[in-house]
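Next comes work05.txt, a file with compact mmCIF, C-alpha atoms.
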# COMPACT_ATOMS: atom_id res chain seq x y z
CA MET A 257 108.34 172.62 86.47
CA GLN A 258 109.35 171.35 83.02
CA HIS A 259 107.35 172.43 79.99
CA ARG A 260 105.76 169.27 78.57
CA VAL A 261 106.05 168.83 74.80
CA ILE A 262 104.39 165.81 73.19
CA VAL A 263 105.09 164.91 69.56
CA LEU A 264 102.61 162.52 67.96
CA GLY A 265 104.08 160.38 65.20
CA ALA A 266 107.71 159.53 64.41
CA GLY A 267 107.67 159.71 60.65
CA TYR A 268 109.99 162.13 58.89
CA THR A 269 108.30 165.25 60.25
CA GLY A 270 107.60 164.13 63.81
CA ALA A 271 111.03 162.62 64.35
CA ILE A 272 112.79 165.66 62.90
CA ALA A 273 110.72 168.06 65.01
CA ALA A 274 111.42 166.11 68.22
CA GLY A 275 115.15 165.99 67.55
CA ARG A 276 115.33 169.64 66.61
CA LEU A 277 113.47 170.68 69.75
CA ALA A 278 115.82 168.59 71.87
CA ARG A 279 118.75 170.44 70.30
CA ARG A 280 117.24 173.90 70.69
CA LEU A 281 115.92 173.70 74.28
CA ARG A 282 117.65 172.82 77.56
CA ARG A 283 116.71 169.44 79.01
CA GLU A 284 116.18 170.81 82.49
CA ASP A 285 113.46 173.13 81.12
CA VAL A 286 111.57 170.87 78.73
CA ALA A 287 110.31 167.27 78.78
CA ILE A 288 109.88 166.00 75.21
CA THR A 289 107.90 162.80 74.60
CA LEU A 290 107.74 161.21 71.15
CA VAL A 291 104.76 158.88 70.70
CA ASN A 292 104.83 156.29 67.92
CA ALA A 293 103.09 152.98 67.26
CA GLU A 294 106.19 151.29 65.79
CA ALA A 295 109.62 150.84 67.33
CA ASP A 296 111.44 151.57 64.06
CA PHE A 297 111.60 154.65 61.90
CA VAL A 298 109.93 153.86 58.56
CA GLU A 299 111.41 155.33 55.39
CA ARG A 300 108.07 155.86 53.75
CA VAL A 301 109.63 157.06 50.50
CA ARG A 302 111.09 153.56 50.07
CA MET A 303 107.96 151.46 50.57
CA HIS A 304 107.83 150.60 46.86
CA GLN A 305 111.32 149.16 47.22
CA LEU A 306 110.26 147.07 50.22
CA ALA A 307 107.24 145.78 48.32
CA ALA A 308 109.48 144.85 45.36
CA GLY A 309 111.54 142.54 47.58
CA GLN A 310 114.44 144.73 48.63
CA GLU A 311 115.73 144.74 52.20
CA LEU A 312 115.79 148.04 54.06
CA PRO A 313 118.15 148.56 57.00
CA PRO A 314 116.42 148.69 60.40
CA ARG A 315 116.37 152.11 62.03
CA PRO A 316 115.35 151.67 65.71
CA LEU A 317 113.93 154.87 67.14
CA GLY A 318 115.34 154.00 70.56
CA ALA A 319 118.87 154.06 69.17
CA MET A 320 118.23 157.25 67.19
CA PHE A 321 117.10 159.21 70.22
CA ALA A 322 119.42 157.69 72.80
CA GLY A 323 121.17 160.48 74.67
CA THR A 324 119.00 163.26 73.22
CA GLY A 325 116.68 163.72 76.17
CA VAL A 326 113.67 162.69 74.07
CA THR A 327 111.50 160.04 75.74
CA LEU A 328 110.17 157.49 73.25
CA LYS A 329 106.74 156.06 74.05
CA LEU A 330 105.56 153.12 71.95
CA ALA A 331 101.80 153.48 71.81
CA ARG A 332 98.91 154.11 69.45
CA VAL A 333 97.18 157.48 69.67
CA THR A 334 93.44 157.03 70.16
CA ALA A 335 92.23 160.55 71.05
CA VAL A 336 93.29 164.16 71.44
CA ASP A 337 91.46 166.61 73.72
CA ALA A 338 92.71 169.99 72.57
CA ASP A 339 90.69 171.86 75.17
CA ARG A 340 91.92 169.86 78.16
CA ARG A 341 95.38 169.51 76.57
CA THR A 342 95.57 165.76 76.86
CA VAL A 343 96.34 162.86 74.54
CA THR A 344 94.98 159.35 75.05
CA VAL A 345 97.21 156.48 73.92
CA THR A 346 97.02 152.70 74.05
CA GLY A 347 100.25 150.87 74.84
CA GLU A 348 101.58 147.54 73.64
CA GLN A 349 99.69 145.72 76.39
CA GLY A 350 96.40 147.33 75.42
CA THR A 351 96.33 149.67 78.41
CA ALA A 352 94.94 153.17 77.83
CA GLU A 353 96.79 156.15 79.29
CA GLU A 354 96.16 159.88 79.29
CA LEU A 355 99.15 162.16 78.69
CA PRO A 356 98.90 165.88 79.57
CA TYR A 357 100.82 168.40 77.48
CA ASP A 358 101.69 172.08 77.43
CA THR A 359 102.63 172.03 73.73
CA LEU A 360 101.51 169.41 71.22
CA VAL A 361 103.13 168.68 67.85
CA TYR A 362 100.65 166.71 65.75
CA ALA A 363 102.44 164.68 63.06
CA LEU A 364 100.28 161.59 62.62
CA GLY A 365 100.51 161.84 58.84
CA SER A 366 98.32 160.04 56.34
CA GLY A 367 97.39 156.62 55.02
CA TRP A 368 95.92 155.29 51.83
CA HIS A 369 92.48 156.43 50.68
CA ASP A 370 90.14 154.14 48.75
CA GLN A 371 88.29 157.16 47.28
CA GLY A 372 85.04 155.28 47.89
CA VAL A 373 85.80 152.84 45.07
CA ARG A 374 84.09 149.47 45.51
CA GLY A 375 86.37 146.56 46.42
CA VAL A 376 89.54 148.54 47.12
CA ALA A 377 89.60 147.84 50.86
CA GLU A 378 88.98 144.13 50.32
CA HIS A 379 91.10 143.36 47.27
CA ALA A 380 93.76 146.06 46.70
CA HIS A 381 97.21 146.50 48.25
CA ASP A 382 98.70 149.73 49.56
CA ILE A 383 102.26 150.92 50.06
CA ALA A 384 101.47 153.80 52.42
CA GLY A 385 103.30 152.03 55.25
CA ARG A 386 105.35 149.00 56.18
CA PRO A 387 102.44 146.56 56.86
CA GLY A 388 100.86 147.19 53.46
CA ALA A 389 104.18 147.01 51.64
CA LEU A 390 104.99 143.68 53.30
CA ARG A 391 101.59 142.24 52.40
CA LEU A 392 102.12 143.23 48.77
CA ARG A 393 105.63 141.77 48.87
CA ALA A 394 104.24 138.43 50.06
CA ARG A 395 101.57 138.45 47.37
CA LEU A 396 104.06 139.21 44.59
CA ALA A 397 106.25 136.34 45.77
CA GLU A 398 103.32 134.00 45.07
CA LEU A 399 102.88 135.13 41.48
CA THR A 400 104.30 133.16 38.57
CA ALA A 401 105.60 134.42 35.23
CA GLY A 402 103.06 136.30 33.16
CA ALA A 403 100.79 137.18 36.08
CA PRO A 404 99.15 140.61 35.64
CA VAL A 405 99.74 143.39 38.16
CA VAL A 406 97.83 146.67 37.95
CA VAL A 407 99.03 149.83 39.69
CA VAL A 408 96.24 152.38 40.02
CA GLY A 409 97.25 156.03 40.28
CA GLY A 410 99.43 158.24 38.10
CA GLY A 411 100.99 160.36 40.85
CA LEU A 412 104.58 160.10 42.00
CA THR A 413 103.86 157.10 44.23
CA GLY A 414 102.12 155.19 41.45
CA VAL A 415 104.88 155.88 38.94
CA GLU A 416 107.56 154.80 41.39
CA ALA A 417 105.67 151.63 42.29
CA ALA A 418 105.02 150.58 38.69
CA THR A 419 108.59 151.12 37.51
CA GLU A 420 110.11 149.48 40.60
CA LEU A 421 107.94 146.38 40.24
CA ALA A 422 108.51 146.12 36.49
CA GLU A 423 112.28 146.38 36.90
CA SER A 424 112.54 143.93 39.80
CA ARG A 425 110.03 141.44 38.33
CA PRO A 426 110.37 141.57 34.53
CA ASP A 427 108.48 138.26 34.38
CA LEU A 428 105.26 139.96 35.50
CA ASP A 429 102.84 141.85 33.25
CA VAL A 430 102.76 145.28 34.94
CA ALA A 431 100.15 147.88 33.95
CA LEU A 432 99.63 151.44 35.17
CA ALA A 433 96.14 152.97 35.16
CA VAL A 434 96.11 156.77 35.35
CA ARG A 435 93.08 159.04 35.42
CA GLY A 436 94.69 161.69 33.21
CA ALA A 437 97.70 161.67 30.91
CA LEU A 438 100.92 159.94 31.93
CA GLY A 439 103.20 162.41 33.73
CA GLU A 440 100.92 165.35 33.08
CA ARG A 441 102.50 167.31 35.94
CA PHE A 442 105.93 167.10 34.33
CA SER A 443 107.60 169.19 31.64
CA PRO A 444 107.65 167.88 28.02
CA LYS A 445 111.15 166.49 28.63
CA GLY A 446 110.00 164.80 31.82
CA ARG A 447 106.96 163.27 30.13
CA ARG A 448 109.02 161.96 27.23
CA HIS A 449 111.50 160.33 29.58
CA LEU A 450 108.80 158.75 31.72
CA ARG A 451 107.09 157.28 28.68
CA ALA A 452 110.39 155.95 27.36
CA VAL A 453 111.11 154.25 30.70
CA CYS A 454 107.66 152.66 30.78
CA ASP A 455 108.17 151.37 27.24
CA ARG A 456 111.62 150.02 28.08
CA LEU A 457 110.30 148.20 31.16
CA GLY A 458 107.31 146.80 29.30
CA ILE A 459 104.70 148.66 31.38
CA THR A 460 101.28 148.94 29.74
CA VAL A 461 99.94 152.42 30.43
CA HIS A 462 96.18 153.00 30.44
CA GLU A 463 95.75 156.76 30.20
CA HIS A 464 92.50 158.66 30.92
CA THR A 465 91.33 155.58 32.79
CA ALA A 466 89.31 155.82 35.99
CA VAL A 467 88.96 152.62 38.01
CA ALA A 468 85.38 152.04 39.17
CA ALA A 469 85.80 148.75 41.05
CA VAL A 470 88.42 146.27 42.23
CA ALA A 471 87.80 142.52 42.48
CA ALA A 472 89.95 139.55 43.46
CA GLY A 473 91.21 138.93 39.93
CA HIS A 474 90.57 142.11 37.98
CA VAL A 475 89.77 145.81 38.03
CA THR A 476 86.87 147.40 36.20
CA THR A 477 87.23 150.84 34.63
CA ALA A 478 84.57 153.53 34.44
CA ASP A 479 83.76 152.60 30.83
CA GLY A 480 83.23 148.95 31.77
CA THR A 481 86.57 147.60 30.56
CA THR A 482 87.97 144.72 32.63
CA LEU A 483 91.71 144.60 33.28
CA PRO A 484 93.00 141.28 34.67
CA SER A 485 94.97 141.72 37.89
CA ALA A 486 96.44 139.10 40.19
CA ALA A 487 97.64 141.93 42.46
CA THR A 488 96.20 145.45 42.41
CA VAL A 489 98.29 148.24 43.95
CA TRP A 490 96.19 151.25 44.97
CA THR A 491 98.06 154.59 45.04
CA ALA A 492 95.18 156.86 43.98
CA GLY A 493 95.22 159.22 46.93
CA PHE A 494 96.03 159.57 50.62
CA ALA A 495 93.85 160.52 53.58
CA VAL A 496 95.00 162.09 56.84
CA HIS A 497 94.62 160.34 60.19
CA PRO A 498 90.98 160.82 61.33
CA ILE A 499 91.71 161.83 64.93
CA ALA A 500 92.10 165.55 64.25
CA ARG A 501 88.65 165.81 62.69
CA ALA A 502 87.15 164.35 65.90
CA THR A 503 88.64 167.16 68.02
CA THR A 504 87.72 170.81 68.50
CA LEU A 505 90.74 171.80 66.41
CA GLU A 506 89.87 173.76 63.29
CA THR A 507 90.31 171.47 60.29
CA GLY A 508 89.76 171.78 56.56
CA GLU A 509 87.54 169.62 54.39
CA SER A 510 90.36 167.08 54.14
CA GLY A 511 90.60 166.73 57.93
CA GLN A 512 93.96 168.51 58.03
CA ILE A 513 94.58 170.94 60.90
CA VAL A 514 94.51 174.56 59.74
CA VAL A 515 97.77 176.28 60.71
CA ASP A 516 99.43 179.66 60.30
CA ARG A 517 102.85 180.24 58.74
CA SER A 518 104.61 179.08 61.92
CA MET A 519 102.67 175.76 61.72
CA ARG A 520 100.60 176.74 64.78
CA SER A 521 96.92 175.82 64.94
CA VAL A 522 94.72 178.83 64.23
CA SER A 523 92.21 177.66 66.85
CA HIS A 524 94.43 176.23 69.61
CA PRO A 525 97.79 178.03 70.07
CA GLN A 526 99.25 175.18 72.13
CA VAL A 527 99.03 172.85 69.11
CA TYR A 528 101.30 172.70 66.06
CA ALA A 529 100.62 170.48 63.04
CA ILE A 530 103.21 169.41 60.49
CA GLY A 531 103.55 167.17 57.47
CA ASP A 532 100.50 165.60 55.86
CA ALA A 533 98.39 166.46 58.93
CA ALA A 534 98.68 170.23 58.37
CA LEU A 535 96.68 172.48 56.07
CA ALA A 536 99.34 175.10 55.44
CA MET A 537 99.49 177.66 52.69
CA GLY A 538 102.56 177.90 50.48
CA PRO A 539 103.66 180.19 47.65
CA GLY A 540 100.83 181.51 45.51
CA ASP A 541 98.39 180.91 48.39
CA LYS A 542 98.19 177.26 47.39
CA PRO A 543 97.95 174.55 50.07
CA LEU A 544 101.18 172.62 50.48
CA ARG A 545 100.78 169.13 49.05
CA MET A 546 101.36 166.01 51.10
CA SER A 547 105.05 165.33 50.55
CA CYS A 548 108.41 165.01 52.21
CA ALA A 549 109.46 168.08 50.21
CA SER A 550 107.15 170.34 52.22
CA GLY A 551 106.83 168.26 55.40
CA VAL A 552 110.48 168.42 56.42
CA PRO A 553 110.80 172.24 56.17
CA ALA A 554 107.49 172.50 58.04
CA ALA A 555 108.97 170.40 60.85
CA TRP A 556 111.98 172.73 61.04
CA GLN A 557 109.62 175.71 61.12
CA ALA A 558 107.42 174.32 63.90
CA ALA A 559 110.37 173.35 66.11
CA ASP A 560 112.03 176.74 65.67
CA ALA A 561 108.75 178.56 66.37
CA ILE A 562 108.13 176.56 69.55
CA ALA A 563 111.68 177.14 70.80
CA ALA A 564 111.46 180.87 70.05
CA ARG A 565 108.10 181.33 71.76
CA LEU A 566 109.17 179.40 74.86
CA GLY A 567 112.35 181.43 74.98
CA GLY A 568 110.56 184.76 74.65
CA ARG A 569 112.18 185.56 71.31
CA LYS A 570 110.83 186.63 67.93
CA VAL A 571 109.44 183.74 65.93
CA PRO A 572 111.39 183.12 62.71
CA VAL A 573 109.17 182.21 59.78
CA THR A 574 110.66 180.72 56.64
CA SER A 575 108.55 180.38 53.53
CA VAL A 576 108.16 176.71 52.64
CA ARG A 577 108.70 176.43 48.90
CA TYR A 578 109.41 173.74 46.32
CA TYR A 579 112.52 173.18 44.25
CA GLN A 580 112.04 169.83 42.54
CA GLN A 581 110.02 166.65 42.28
CA CYS A 582 112.32 163.64 42.69
CA VAL A 583 111.08 160.38 41.19
CA SER A 584 112.84 157.02 41.17
CA LEU A 585 112.14 154.92 38.08
CA GLY A 586 113.58 151.67 39.33
CA ARG A 587 117.09 151.45 40.79
CA ARG A 588 118.96 152.59 37.67
CA ASP A 589 116.83 155.42 36.34
CA GLY A 590 115.12 158.50 37.66
CA LEU A 591 113.55 161.86 36.94
CA ILE A 592 114.28 165.10 38.73
CA GLN A 593 111.69 167.60 37.59
CA PHE A 594 112.62 171.12 38.63
CA VAL A 595 109.65 173.29 39.63
CA THR A 596 108.67 176.80 40.59
CA ALA A 597 108.24 177.82 44.22
CA ASP A 598 104.55 176.86 44.00
CA ASP A 599 105.31 173.43 42.49
CA ARG A 600 104.73 174.02 38.76
CA ALA A 601 107.05 172.23 36.35
CA VAL A 602 109.66 174.25 34.45
CA ASP A 603 111.53 173.20 31.32
CA ARG A 604 114.57 171.86 33.19
CA ALA A 605 114.65 168.19 34.15
CA LEU A 606 117.40 165.72 35.02
CA THR A 607 116.97 162.14 33.82
CA GLY A 608 118.66 158.74 33.73
CA ARG A 609 121.30 157.29 36.03
CA LEU A 610 122.39 160.68 37.33
CA ALA A 611 118.80 161.41 38.36
CA ALA A 612 118.63 158.03 40.11
CA ARG A 613 121.76 158.87 42.11
CA TYR A 614 120.34 162.32 42.90
CA LYS A 615 117.11 160.81 44.23
CA GLU A 616 119.02 158.24 46.26
CA ALA A 617 121.10 161.02 47.82
CA ILE A 618 117.90 162.88 48.75
CA CYS A 619 116.44 159.78 50.42
CA LYS A 620 119.65 159.05 52.32
CA GLY A 621 119.94 162.67 53.37
CA ALA A 622 116.40 162.72 54.77
CA ALA A 623 117.00 159.51 56.75
CA TRP A 624 120.38 160.82 57.95
CA GLY A 625 118.71 163.97 59.25
CA VAL A 626 116.28 161.89 61.30
CA ALA A 627 118.99 159.56 62.60
CA HIS A 628 121.27 162.39 63.80
CA PRO A 629 118.97 164.74 65.71
CA LEU A 630 121.75 166.29 67.78
CA LEU A 631 123.82 167.51 64.84
CA VAL A 632 121.73 170.63 64.28
CA PRO A 633 124.36 173.39 64.67
CA VAL A 634 122.70 175.58 67.29
CA ARG A 635 123.01 176.36 70.99
CA ALA A 636 120.25 175.14 73.33
CA ARG A 637 118.35 177.93 75.04
CA GLY A 638 116.28 178.13 78.19
CA VAL A 639 112.55 178.59 78.68
CA VAL A 640 111.41 181.87 80.20
CA PRO A 641 108.37 182.12 82.51
CA ARG A 642 105.06 182.41 80.68
CA GLY A 643 104.49 186.01 81.69
CA GLU A 644 107.86 187.07 80.25
CA ARG A 645 107.50 185.51 76.80
CA GLY A 646 106.22 188.63 75.08
CA PRO A 647 103.72 188.80 72.23
CA GLY A 648 105.37 186.12 70.11
CA ARG A 649 106.06 188.43 67.20
CA VAL A 650 106.90 186.85 63.88
CA ALA A 651 110.16 187.75 62.16
CA GLU A 652 110.35 187.14 58.42
CA ARG A 653 113.33 185.24 57.08
CA SER A 654 114.38 184.25 53.58
CA ALA A 655 113.50 180.84 52.18
CA GLU A 656 117.08 179.61 52.40
CA ARG A 657 118.59 178.00 55.51
CA SER A 658 122.33 177.51 55.28
CA ALA A 659 122.32 174.89 58.04
CA ASP A 660 119.59 172.72 56.54
CA PRO A 661 119.59 170.51 53.45
CA VAL A 662 116.89 170.90 50.84
CA ALA A 663 114.22 168.22 51.09
CA GLY A 664 112.87 166.83 47.86
CA GLY A 665 111.49 163.33 48.31
CA ALA A 666 108.48 162.14 46.36
CA VAL A 667 105.59 160.73 48.28
Take the structure in the file and write it out as structure tokens.
Amino acid sequence: MQHRVIVLGAGYTGAIAAGRLARRLRREDVAITLVNAEADFVERVRMHQLAAGQELPPRPLGAMFAGTGVTLKLARVTAVDADRRTVTVTGEQGTAEELPYDTLVYALGSGWHDQGVRGVAEHAHDIAGRPGALRLRARLAELTAGAPVVVVGGGLTGVEAATELAESRPDLDVALAVRGALGERFSPKGRRHLRAVCDRLGITVHEHTAVAAVAAGHVTTADGTTLPSAATVWTAGFAVHPIARATTLETGESGQIVVDRSMRSVSHPQVYAIGDAALAMGPGDKPLRMSCASGVPAAWQAADAIAARLGGRKVPVTSVRYYQQCVSLGRRDGLIQFVTADDRAVDRALTGRLAARYKEAICKGAAWGVAHPLLVPVRARGVVPRGERGPGRVAERSAERSADPVAGGAV
């Protein structure tokens, strides 16, 4: 009987894990099902570009996984029963179905988080996914010259959104509201460059500004100041999919599934969590942040651990570490902030057109890795009977993988 592996979510991490498993395990031994609500792979790191009016090439998941042995199921996940080892999904026709699994890879990711701020859900736009980005795109198309746009959030997503919109629509009055200082996570060189770009693009930056409410035509800050806004873009935080918290899986305060270094649930050994859905510890015993930079290596780790355990071999564990924060500042400028293994900025930073090309190469490389799941250079192995799999010992390995590119997208 085939070992049933179900992967939930076909974002960067879920799609990469499914493809890697298909390459590492023999088809006659394993049945891999990839469940996703959309038929296309969404390049989430480009949603600010989509919102700004740019066209992104379609990437049908069916074409990506054709010939891999992965079965694509278009459905929305509505429940996970980790004790019974089943997943409940609702298909395109609204019919509910229960899918049993032997191993589950949970990669449902995250969406925008209103942080409990009044009016955000009703009046703000998000770019956490394709639907939100398209709604913002339609709204921006309605705006005339001089209309005010406020981007809330000074993280990487907010910075990318503000600069992309200001460059593509110089006729709009773009403002960026950040709770702390602009670019406070960057080195002095990185902060100087970011400020210079904002000045060049005409972006008004409101530093040390918390937004207390969002209305149809303005936002109100914590000190009572009103900022006019014909379109408010909310990037002030992300929240994980709520399904995991409703299960018996051990989760953290954020709702992320607590995992060990092999990305395996600490409470249910048949479940692996990757990407934004996982509460995994990185260098310095700090939780890995929600990002492509940590999510992609985590997907490699989970797939390799599953293949090793099913094959009765030692489990290789690679430390997930950071190298850089890659930020696009429009199409012609960028910032590559180099960081320590635990994600602290160092003095070195790459800026300007070269940084923009660097970031574009990172984005293309991540999408290429998803679109070519069978090009992982490894031989597929068989699955041994459960009683012969051994104790599943963990073998340490260095942080470098010669066969894998370094992920560094900014989300």
Q.
Here is a test: counting all atoms listed in the file, which residue of A:Ala495, A:Ala471, A:Ala487, A:Ile383 is nearest to Ala431 in chain A?
A. A:Ala487
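Note that CA of Leu585 in chain A and CA of Asp455 in chain A are 12.1 Å apart.
Straight-line separation from CA of Ala401 in chain A to CA of Ala472 in chain A: 18.4 Å.
In this comparison, which uses all atoms listed in the file, the residue of A:Pro426, A:Gly385, A:Gly473, A:Gly439 approaching Gly409 in chain A most closely is A:Gly439.
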(Q) Taking all atoms listed in the file into account, name the residue in A:Arg374, A:Thr413, A:Leu396, A:Val453 that is nearest to Val467 in chain A. (A) A:Arg374
Q | Nearest to Gly375 in chain A, chosen from A:Val527, A:Val475, A:Met537, A:Val522, with only C-alpha atoms counted in the distances | A | A:Val475
